[in-house]
Every structure is written in C-alpha cells, then in structure tokens.
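Asker: My structure file my_file_34.txt, compact mmCIF, C-alpha atoms, is below:
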```
# COMPACT_ATOMS: atom_id res chain seq x y z
CA MET C 507 -19.45 66.68 -6.80
CA ALA C 508 -22.52 68.71 -6.11
CA SER C 509 -25.04 67.85 -3.49
CA GLY C 510 -27.81 65.68 -4.88
CA ASP C 511 -25.77 64.30 -7.76
CA THR C 512 -26.00 60.60 -8.43
CA LEU C 513 -23.20 58.26 -7.43
CA PRO C 514 -23.79 54.50 -8.01
CA ILE C 515 -27.11 53.16 -9.24
CA LEU C 516 -27.80 49.58 -8.19
CA THR C 517 -30.57 47.38 -9.52
CA ALA C 518 -31.95 44.08 -8.30
CA HIS C 519 -29.88 42.25 -10.93
CA GLN C 520 -26.72 43.30 -9.08
CA ALA C 521 -27.82 42.07 -5.68
CA ILE C 522 -26.42 39.02 -3.95
CA SER C 523 -28.20 37.73 -0.88
CA PRO C 524 -26.76 35.82 2.05
CA ALA C 525 -27.52 32.11 2.36
CA SER C 526 -29.26 32.72 5.68
CA ALA C 527 -32.18 35.17 5.72
CA GLY C 528 -31.32 36.37 2.24
CA ALA C 529 -33.88 38.17 0.12
CA PRO C 530 -34.36 36.11 -3.05
CA HIS C 531 -34.46 37.42 -6.59
CA SER C 532 -37.85 37.56 -8.23
CA SER C 533 -39.76 39.62 -10.76
CA ARG C 534 -43.04 41.46 -10.96
CA ASN C 535 -44.42 41.97 -14.44
CA LEU C 536 -40.85 41.46 -15.70
CA HIS C 537 -39.44 44.07 -13.32
CA PRO C 538 -36.52 42.50 -11.43
CA ILE C 539 -36.98 42.72 -7.68
CA MET C 540 -35.60 41.37 -4.43
CA VAL C 541 -38.36 40.15 -2.12
CA PHE C 542 -38.30 40.66 1.63
CA ASP C 543 -40.33 38.63 4.11
CA ASP C 544 -42.70 40.36 6.53
CA THR C 545 -41.81 38.38 9.67
CA THR C 546 -38.07 37.64 9.48
CA ASN C 547 -35.46 40.30 8.71
CA TRP C 548 -34.15 39.42 5.26
CA SER C 549 -31.19 41.18 3.63
CA THR C 550 -29.54 41.65 0.29
CA ILE C 551 -26.11 43.02 -0.56
CA PHE C 552 -24.77 45.15 -3.42
CA THR C 553 -21.08 45.43 -4.27
CA CYS C 554 -19.73 48.47 -6.12
CA ILE C 555 -16.93 51.05 -6.29
CA MET C 556 -17.42 54.58 -5.04
CA PRO C 557 -17.01 56.86 -8.06
CA GLN C 558 -14.02 59.21 -8.31
CA ASN C 559 -16.30 62.23 -8.21
CA TYR C 560 -17.46 61.47 -4.66
CA ALA C 561 -16.36 64.45 -2.57
CA ALA C 562 -16.47 62.71 0.83
CA THR C 563 -17.47 65.90 2.62
CA THR C 564 -21.15 65.72 3.45
CA GLY C 565 -21.68 61.99 3.01
CA VAL C 566 -24.25 60.21 0.93
CA THR C 567 -27.96 59.55 0.93
CA VAL C 568 -29.18 56.12 -0.09
CA TYR C 569 -32.51 56.06 -1.95
CA LEU C 570 -34.47 52.81 -1.88
CA HIS C 571 -37.05 52.19 -4.62
CA TYR C 572 -39.52 49.63 -3.33
CA SER C 573 -43.08 48.44 -3.69
CA MET C 574 -45.30 46.14 -1.66
CA ALA C 575 -46.52 42.77 -2.94
CA THR C 576 -50.04 43.17 -1.61
CA ALA C 577 -50.08 45.61 1.29
CA THR C 578 -51.91 48.87 0.73
CA ALA C 579 -51.73 50.13 4.31
CA ASP C 580 -49.47 50.17 7.36
CA THR C 581 -45.75 50.82 7.46
CA VAL C 582 -42.41 49.42 6.33
CA ASP C 583 -38.96 49.83 7.92
CA TRP C 584 -35.61 49.58 6.13
CA ASP C 585 -32.05 49.34 7.46
CA VAL C 586 -28.97 50.16 5.38
CA SER C 587 -25.30 49.69 6.20
CA PHE C 588 -21.93 50.09 4.48
CA GLU C 589 -18.89 47.83 4.51
CA ARG C 590 -15.61 49.32 3.30
CA ILE C 591 -13.42 46.90 1.39
CA GLY C 592 -10.99 49.50 0.07
CA ASP C 593 -7.31 49.05 -0.69
CA GLN C 594 -6.04 46.47 1.81
CA GLN C 595 -8.67 47.52 4.30
CA LEU C 596 -10.70 44.33 4.64
CA ASP C 597 -10.13 40.59 4.39
CA VAL C 598 -13.31 39.61 2.58
CA ASP C 599 -13.41 36.23 4.30
CA GLY C 600 -15.26 38.05 7.08
CA ASP C 601 -18.04 40.63 7.18
CA SER C 602 -17.47 44.09 8.59
CA PHE C 603 -20.59 46.15 8.06
CA ALA C 604 -20.87 49.36 10.03
CA ALA C 605 -23.93 50.08 12.15
CA VAL C 606 -27.17 50.45 10.25
CA ASN C 607 -28.99 53.66 9.49
CA SER C 608 -32.72 53.39 9.08
CA VAL C 609 -35.84 54.81 7.56
CA ASP C 610 -38.76 53.71 9.68
CA ASN C 611 -42.54 53.94 9.85
CA THR C 612 -43.00 54.79 6.17
CA THR C 613 -46.63 54.37 5.23
CA VAL C 614 -46.66 52.12 2.19
CA PRO C 615 -48.32 53.23 -1.08
CA GLY C 616 -52.08 52.75 -1.25
CA THR C 617 -51.68 50.58 -4.34
CA ALA C 618 -49.75 47.31 -4.32
CA GLY C 619 -46.99 47.46 -6.91
CA LEU C 620 -46.77 51.26 -6.83
CA VAL C 621 -43.08 52.11 -6.37
CA ASP C 622 -42.22 54.41 -3.48
CA VAL C 623 -38.83 55.99 -2.80
CA VAL C 624 -37.45 56.44 0.69
CA ASN C 625 -34.04 57.67 1.72
CA VAL C 626 -31.46 56.94 4.38
CA PRO C 627 -28.77 59.59 4.98
CA PHE C 628 -25.19 58.82 6.00
CA THR C 629 -22.58 61.32 7.11
CA ALA C 630 -19.09 61.06 5.64
CA GLY C 631 -16.74 58.95 7.70
CA ALA C 632 -17.50 56.16 10.14
CA ASP C 633 -21.24 56.35 9.54
CA MET C 634 -20.62 54.89 6.07
CA ASP C 635 -17.65 52.78 7.25
CA SER C 636 -15.26 55.50 5.96
CA VAL C 637 -15.72 54.54 2.30
CA VAL C 638 -13.91 57.03 0.02
CA LYS C 639 -13.72 57.48 -3.74
CA GLY C 640 -12.26 54.63 -5.74
CA GLU C 641 -12.84 52.08 -3.02
CA LEU C 642 -14.74 48.85 -3.31
CA PHE C 643 -17.56 48.58 -0.80
CA ARG C 644 -20.71 46.67 -0.05
CA LEU C 645 -24.12 48.05 0.81
CA LYS C 646 -26.52 45.88 2.79
CA VAL C 647 -30.25 46.52 2.70
CA THR C 648 -32.49 44.83 5.27
CA ARG C 649 -36.22 45.00 5.78
CA ASP C 650 -36.75 45.41 9.51
CA ALA C 651 -39.75 43.12 9.37
CA VAL C 652 -39.63 42.44 13.08
CA SER C 653 -40.44 46.10 13.69
CA ASP C 654 -42.72 47.19 10.84
CA ASP C 655 -46.38 46.27 10.45
CA ALA C 656 -47.13 46.02 6.73
CA THR C 657 -48.17 42.48 5.87
CA GLY C 658 -46.76 40.54 2.94
CA ASN C 659 -43.55 40.87 0.95
CA ALA C 660 -41.74 44.11 0.30
CA GLU C 661 -40.06 44.36 -3.10
CA LEU C 662 -36.80 46.24 -3.61
CA HIS C 663 -36.36 47.39 -7.22
CA ALA C 664 -33.27 49.56 -7.11
CA VAL C 665 -30.97 51.70 -5.01
CA GLU C 666 -29.51 55.09 -5.89
CA ILE C 667 -26.67 56.60 -3.88
CA ARG C 668 -26.44 60.38 -4.06
CA GLU C 669 -23.97 62.87 -2.70
CA THR C 670 -25.69 64.50 0.26
CA MET N 689 -39.32 44.73 18.98
CA ALA N 690 -42.13 42.26 18.84
CA ILE N 691 -43.80 41.15 15.65
CA SER N 692 -46.82 43.34 15.02
CA ASP N 693 -50.28 42.08 15.90
CA LYS N 694 -51.33 42.61 12.28
CA LYS N 695 -48.78 40.01 11.16
CA LYS N 696 -49.90 37.60 13.87
CA ILE N 697 -53.46 38.00 12.63
CA ALA N 698 -52.26 37.44 9.06
CA THR N 699 -50.61 34.20 10.19
CA PHE N 700 -53.80 33.02 11.90
CA ILE N 701 -55.87 33.80 8.82
CA GLY N 702 -53.28 32.26 6.50
CA VAL N 703 -53.04 28.98 8.38
CA ALA N 704 -56.80 28.79 8.82
CA ALA N 705 -57.25 29.48 5.09
CA GLN N 706 -54.91 26.58 4.30
CA ALA N 707 -57.11 24.38 6.50
CA VAL N 708 -60.19 25.62 4.64
CA ASN N 709 -58.55 24.71 1.34
CA ASP N 710 -57.79 21.24 2.72
CA LEU N 711 -61.38 20.93 3.92
CA GLN N 712 -62.75 21.98 0.54
CA ALA N 713 -60.48 19.47 -1.17
CA SER N 714 -61.75 16.80 1.21
CA ALA N 715 -65.37 17.74 0.45
CA PHE N 716 -64.67 17.51 -3.28
CA ARG N 717 -63.04 14.10 -2.81
CA LEU N 718 -65.95 12.80 -0.72
CA GLU N 719 -68.49 14.00 -3.29
CA HIS N 720 -66.52 12.30 -6.03
CA LEU N 721 -66.44 9.14 -3.92
CA ARG N 722 -70.23 9.33 -3.53
CA THR N 723 -70.64 9.72 -7.29
CA LEU N 724 -68.54 6.61 -7.90
CA TRP N 725 -70.55 4.80 -5.23
CA GLY N 726 -73.75 5.65 -7.06
CA GLN N 727 -72.35 4.37 -10.34
CA HIS N 728 -71.34 1.02 -8.83
CA ASN N 729 -74.28 0.76 -6.37
CA PRO N 730 -72.83 -2.19 -4.38
CA ASP N 731 -74.94 -4.37 -2.09
CA VAL N 732 -74.30 -3.21 1.50
CA THR N 733 -76.15 -6.02 3.20
CA GLY N 734 -74.11 -7.34 6.14
CA THR N 735 -71.49 -4.58 5.91
CA PRO N 736 -70.83 -1.63 8.22
CA LEU N 737 -72.71 0.54 5.74
CA GLU N 738 -75.96 -1.40 5.98
CA GLY N 739 -78.62 1.04 7.10
CA HIS N 740 -76.17 3.96 7.08
CA VAL N 741 -75.75 4.92 3.42
CA ALA N 742 -78.09 7.87 3.79
CA ASP N 743 -76.31 8.94 7.00
CA VAL N 744 -72.94 8.94 5.25
CA SER N 745 -74.35 10.89 2.35
CA ALA N 746 -75.80 13.46 4.74
CA TRP N 747 -72.43 13.69 6.49
CA ILE N 748 -70.73 14.42 3.14
CA ASP N 749 -73.29 17.21 2.56
CA ALA N 750 -72.45 18.57 6.02
CA VAL N 751 -68.71 18.55 5.26
CA ARG N 752 -69.41 20.48 2.04
CA ALA N 753 -71.59 22.97 3.90
CA VAL N 754 -68.92 23.62 6.54
CA ALA N 755 -66.16 23.87 3.93
CA ASP N 756 -68.09 26.43 1.90
CA ASN N 757 -69.69 28.54 4.58
CA ALA N 758 -69.14 32.29 4.77
CA VAL N 759 -66.59 32.14 7.58
CA ALA N 760 -64.46 29.64 5.68
CA ASN N 761 -64.57 31.59 2.44
CA GLY N 762 -63.86 34.81 4.33
CA LEU N 763 -60.67 33.31 5.72
CA VAL N 764 -59.52 32.33 2.23
CA GLU N 765 -60.45 35.75 0.86
CA HIS N 766 -58.38 37.60 3.45
CA ALA N 767 -55.25 35.44 3.35
CA VAL N 768 -52.16 37.39 2.26
CA PRO N 769 -50.41 35.36 -0.47
CA THR N 770 -46.84 36.40 0.33
CA HIS N 771 -47.17 36.18 4.11
CA ARG N 772 -45.35 33.01 5.19
CA ASN N 773 -47.44 32.37 8.31
CA MET N 774 -44.50 32.47 10.72
CA ALA N 775 -45.63 35.25 13.06
CA LEU N 776 -47.10 32.90 15.67
CA GLY N 777 -44.10 30.59 15.88
CA GLU N 778 -43.99 26.96 14.85
CA ILE N 779 -47.44 25.65 13.89
CA ILE N 780 -48.07 21.92 13.88
```
Go ahead and express the file in the form of structure tokens.

Answerer:
Amino acid sequence: MASGDTLPILTAHQAISPASAGAPHSSRNLHPIMVFDDTTNWSTIFTCIMPQNYAATTGVTVYLHYSMATATADTVDWDVSFERIGDQQLDVDGDSFAAVNSVDNTTVPGTAGLVDVVNVPFTAGADMDSVVKGELFRLKVTRDAVSDDATGNAELHAVEIRET
Amino acid sequence: MAISDKKKIATFIGVAAQAVNDLQASAFRLEHLRTLWGQHNPDVTGTPLEGHVADVSAWIDAVRAVADNAVANGLVEHAVPTHRNMALGEII
C-alpha cells in the first residue's frame, strides 16, 4: 500500500468507552461525537481489523478529527495507543495497550465546533504493538486533559488510520 | 503535570456562577413571598415581624441587588458550560 493511503476509518458510533474515565457518546447538531473532559483524562476505544493491504513497513499515522465544545483558544493534547489482539496473541480478559504516542500543544480552532485534524505517527512494530495485516486490534484515544490548557469538552468525531 | 491555571480559574468561575444562580433563585423566591404577603396583608401585631416589615422588605431588595450586580452576572457570563468544576479538588 502506498504511503498516505487510508486504512481503517473509525467514527464515534464505533467507539466503546471504559466504565472508569470513559468518554461518553454525544452529538453536536446531529454529528456523533465522543466528549472528553478538560480536567480528568478520559478515553475511548475503537476495535477493528488491520486491512490486508497494510504493508507494515513504515507504520501508520493516526488522524484525529476533533472540535472543541466552547474553547476558542489555548491548546489540546491527545494520546493514542494500540493493543494487538491478533491470532492467539492476547487474552482479551486483560488490557495490553502499548505505550502512548502523543500530539501535544495543538492550538484549538478559533471557532467552537470547527473540526480540526491532528495526527499521531507510529512506526511499524512495537510502537503500534506489532499489529500486522488481518489482525484484530484496539486503538485507544485519550485526551491528556491533565496537561493541556483548553477549557471545556473536546469532541472526537472520527479517526482515520493511514499508511505512513 | 499539574492542571493548568486556566482550568482552575474556570472551576472558580463555574462554582461561583452556580452560587450566583442559587442567589438569584433565592431573590426570586423572596420577592414572590413578598408579593403573597402583600396579597394576604396579615396583622403582625405581637409577632416577630411587628415593626420590621419594612426592614425585611428592604433586605429582600438588598438580596436582589447583590444577586443581580455586575460581578455576579459577569461570573455567570464567563462560566464554561462543559467544564465540570473539578480543577480545584473537592468543593463543599
């Protein structure tokens, strides 16, 4: 697969959030979103299968499409991590997310509700928990609210994973 | 990493704005009470209100004035709706 080509596309409808510090589902003008608190680090999780056309050479870049509920200034931080489920790789009774990669200090759009896109690169291999084509995996997205300084909810609309 | 000062300020404003809303609701309730009082106009002779009806009415006016002053309305205006007011810890 060529660099920049789209792998999975994940929307808010597909997200499942943990019982503790989970980002709840919501909507904004009928756009489905996951909402993230500005003081506690909330997360949501997407489950999908890595497409067969993933080359596993240069890794992937995860694009987050988000907006802010009310903030029109200051910055937002996001953390992303992979968990390989694979073929007899993981007992799903426990979590096994790899270390997070981040996109930090992004100045939020000057208009609340305006969707911005940020990206988080991962190299092939351990950085993305060694997920390869055809394998089931989970992707966790967390707002690092403890570190950023934009006030009010952040709203995650969708995630695109591209071949890097 | 510590919570940013901007979020702590948002929590202060948010909690204070809730108190302003409570105060404004109290002012409304007191004014309504005064209206009902006027409609019934009971005899206060020999009660704790004897000689103090005007004082109580003035106090209700003062509550309304405090609830609606510029500082109070400014706090409400600047409260961030989706901020959950947790950046200063547990608030009683």

Asker: Taking only C-alpha atoms into account, what are the residues of chain N at most 9 Å from chain C, put as a list in words?

Answerer: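 Going by the stated atoms only, the list reads Met689, Ala690, Ile691, Ser692, Asp693, Lys694, Lys695, Ala698, Val768, Pro769, Thr770, His771, Arg772, Asn773, Met774 and Ala775 of chain N.
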
Asker: If you measure from CA of Phe552 in chain C to CA of Ala632 in chain C, what distance in Å do you get, rounded to one decimal?

Answerer: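 These two atoms are separated by 18.9 Å.
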
Asker: Identify the residues around (-31.3, 58.2, 1.9) within a radius of 10 Å, measuring from all atoms listed in the file in the coordinates stated by the file, and give them as number ranges by chain.

Answerer: C: 566-570, 586, 607-609, 623-628, 665-670

Asker: Please determine an axis-aligned box that encloses all atoms of range 528-543 of chain C listed in the file, with 5 Å added on each side, and express its centre and edge lengths in Å to one decimal as AutoDock Vina command-line options.

Answerer:
```
--center_x -37.9 --center_y 40.1 --center_z -5.8 --size_x 23.1 --size_y 18.0 --size_z 29.8
```

Asker: Set the distance at 12 Å and use all atoms listed in the file: which residues neighbour Ile748 in chain N once local chain neighbours fewer than 4 positions away are removed? I'd like the list as a PyMOL selection string.

Answerer: chain N and resi 711-712+714-723+741-744+752-755

Asker: Please indicate the distance in Å from CA of Ile697 in chain N to CA of Thr612 in chain C, rounded to one decimal place.

Answerer: 20.8 Å

Asker: I'd like the neighbourhood of Ser533 in chain C as an mmCIF file with C-alpha atoms, in the frame of the given file, where a residue qualifies if any of its atoms comes within 10 Å (using all atoms listed in the file), though same-chain residues fewer than 6 positions away should be ignored.

Answerer:
```cif
data_model
loop_
_atom_site.group_PDB
_atom_site.id
_atom_site.type_symbol
_atom_site.label_atom_id
_atom_site.label_comp_id
_atom_site.auth_asym_id
_atom_site.auth_seq_id
_atom_site.Cartn_x
_atom_site.Cartn_y
_atom_site.Cartn_z
ATOM 1 C CA ALA C 518 -31.950 44.080 -8.300
ATOM 2 C CA ILE C 539 -36.980 42.720 -7.680
ATOM 3 C CA MET C 540 -35.600 41.370 -4.430
ATOM 4 C CA VAL C 541 -38.360 40.150 -2.120
ATOM 5 C CA GLU C 661 -40.060 44.360 -3.100
ATOM 6 C CA HIS C 663 -36.360 47.390 -7.220
#
```

Asker: In the coordinate frame of the file, compute which residues have an atom within 10 Å of (-24.9, 52.3, -9.0) when using only C-alpha atoms, and state them as a PyMOL selection string.

Answerer: chain C and resi 512-517+520+552-557+664-668

Asker: Mind dumping the selected residues with C-alpha atoms as an mmCIF file, keeping the file's coordinate frame?

Answerer:
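Generated file (result.cif):
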```
data_model
loop_
_atom_site.group_PDB
_atom_site.id
_atom_site.type_symbol
_atom_site.label_atom_id
_atom_site.label_comp_id
_atom_site.auth_asym_id
_atom_site.auth_seq_id
_atom_site.Cartn_x
_atom_site.Cartn_y
_atom_site.Cartn_z
ATOM 1 C CA THR C 512 -26.000 60.600 -8.430
ATOM 2 C CA LEU C 513 -23.200 58.260 -7.430
ATOM 3 C CA PRO C 514 -23.790 54.500 -8.010
ATOM 4 C CA ILE C 515 -27.110 53.160 -9.240
ATOM 5 C CA LEU C 516 -27.800 49.580 -8.190
ATOM 6 C CA THR C 517 -30.570 47.380 -9.520
ATOM 7 C CA GLN C 520 -26.720 43.300 -9.080
ATOM 8 C CA PHE C 552 -24.770 45.150 -3.420
ATOM 9 C CA THR C 553 -21.080 45.430 -4.270
ATOM 10 C CA CYS C 554 -19.730 48.470 -6.120
ATOM 11 C CA ILE C 555 -16.930 51.050 -6.290
ATOM 12 C CA MET C 556 -17.420 54.580 -5.040
ATOM 13 C CA PRO C 557 -17.010 56.860 -8.060
ATOM 14 C CA ALA C 664 -33.270 49.560 -7.110
ATOM 15 C CA VAL C 665 -30.970 51.700 -5.010
ATOM 16 C CA GLU C 666 -29.510 55.090 -5.890
ATOM 17 C CA ILE C 667 -26.670 56.600 -3.880
ATOM 18 C CA ARG C 668 -26.440 60.380 -4.060
#
```

Asker: Please measure the separation of CA of Ala713 in chain N and CA of Asp731 in chain N, giving the value in Å to one decimal.

Answerer: 27.9 Å

Asker: Applying 10 Å and only C-alpha atoms, which residues near range 593-604 of chain C remain after dropping the ones on its own chain fewer than 4 positions away? List them as a PyMOL selection string.

Answerer: chain C and resi 586-589+632-636+640-646

Asker: Could you give me, as a list in words, the residues within 8 Å of Leu776 in chain N, counting only C-alpha atoms and dropping anything in the same chain fewer than 3 positions from it?

Answerer: Lys696, Thr699, Phe700, Asn773 and Ile779 of chain N

Asker: Pick out the closest residue to His571 in chain C from this set: C:Ser509, C:Thr629, C:Ser532, C:Trp584. Count only C-alpha atoms.

Answerer: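 Nearest to His571 in chain C: C:Trp584.
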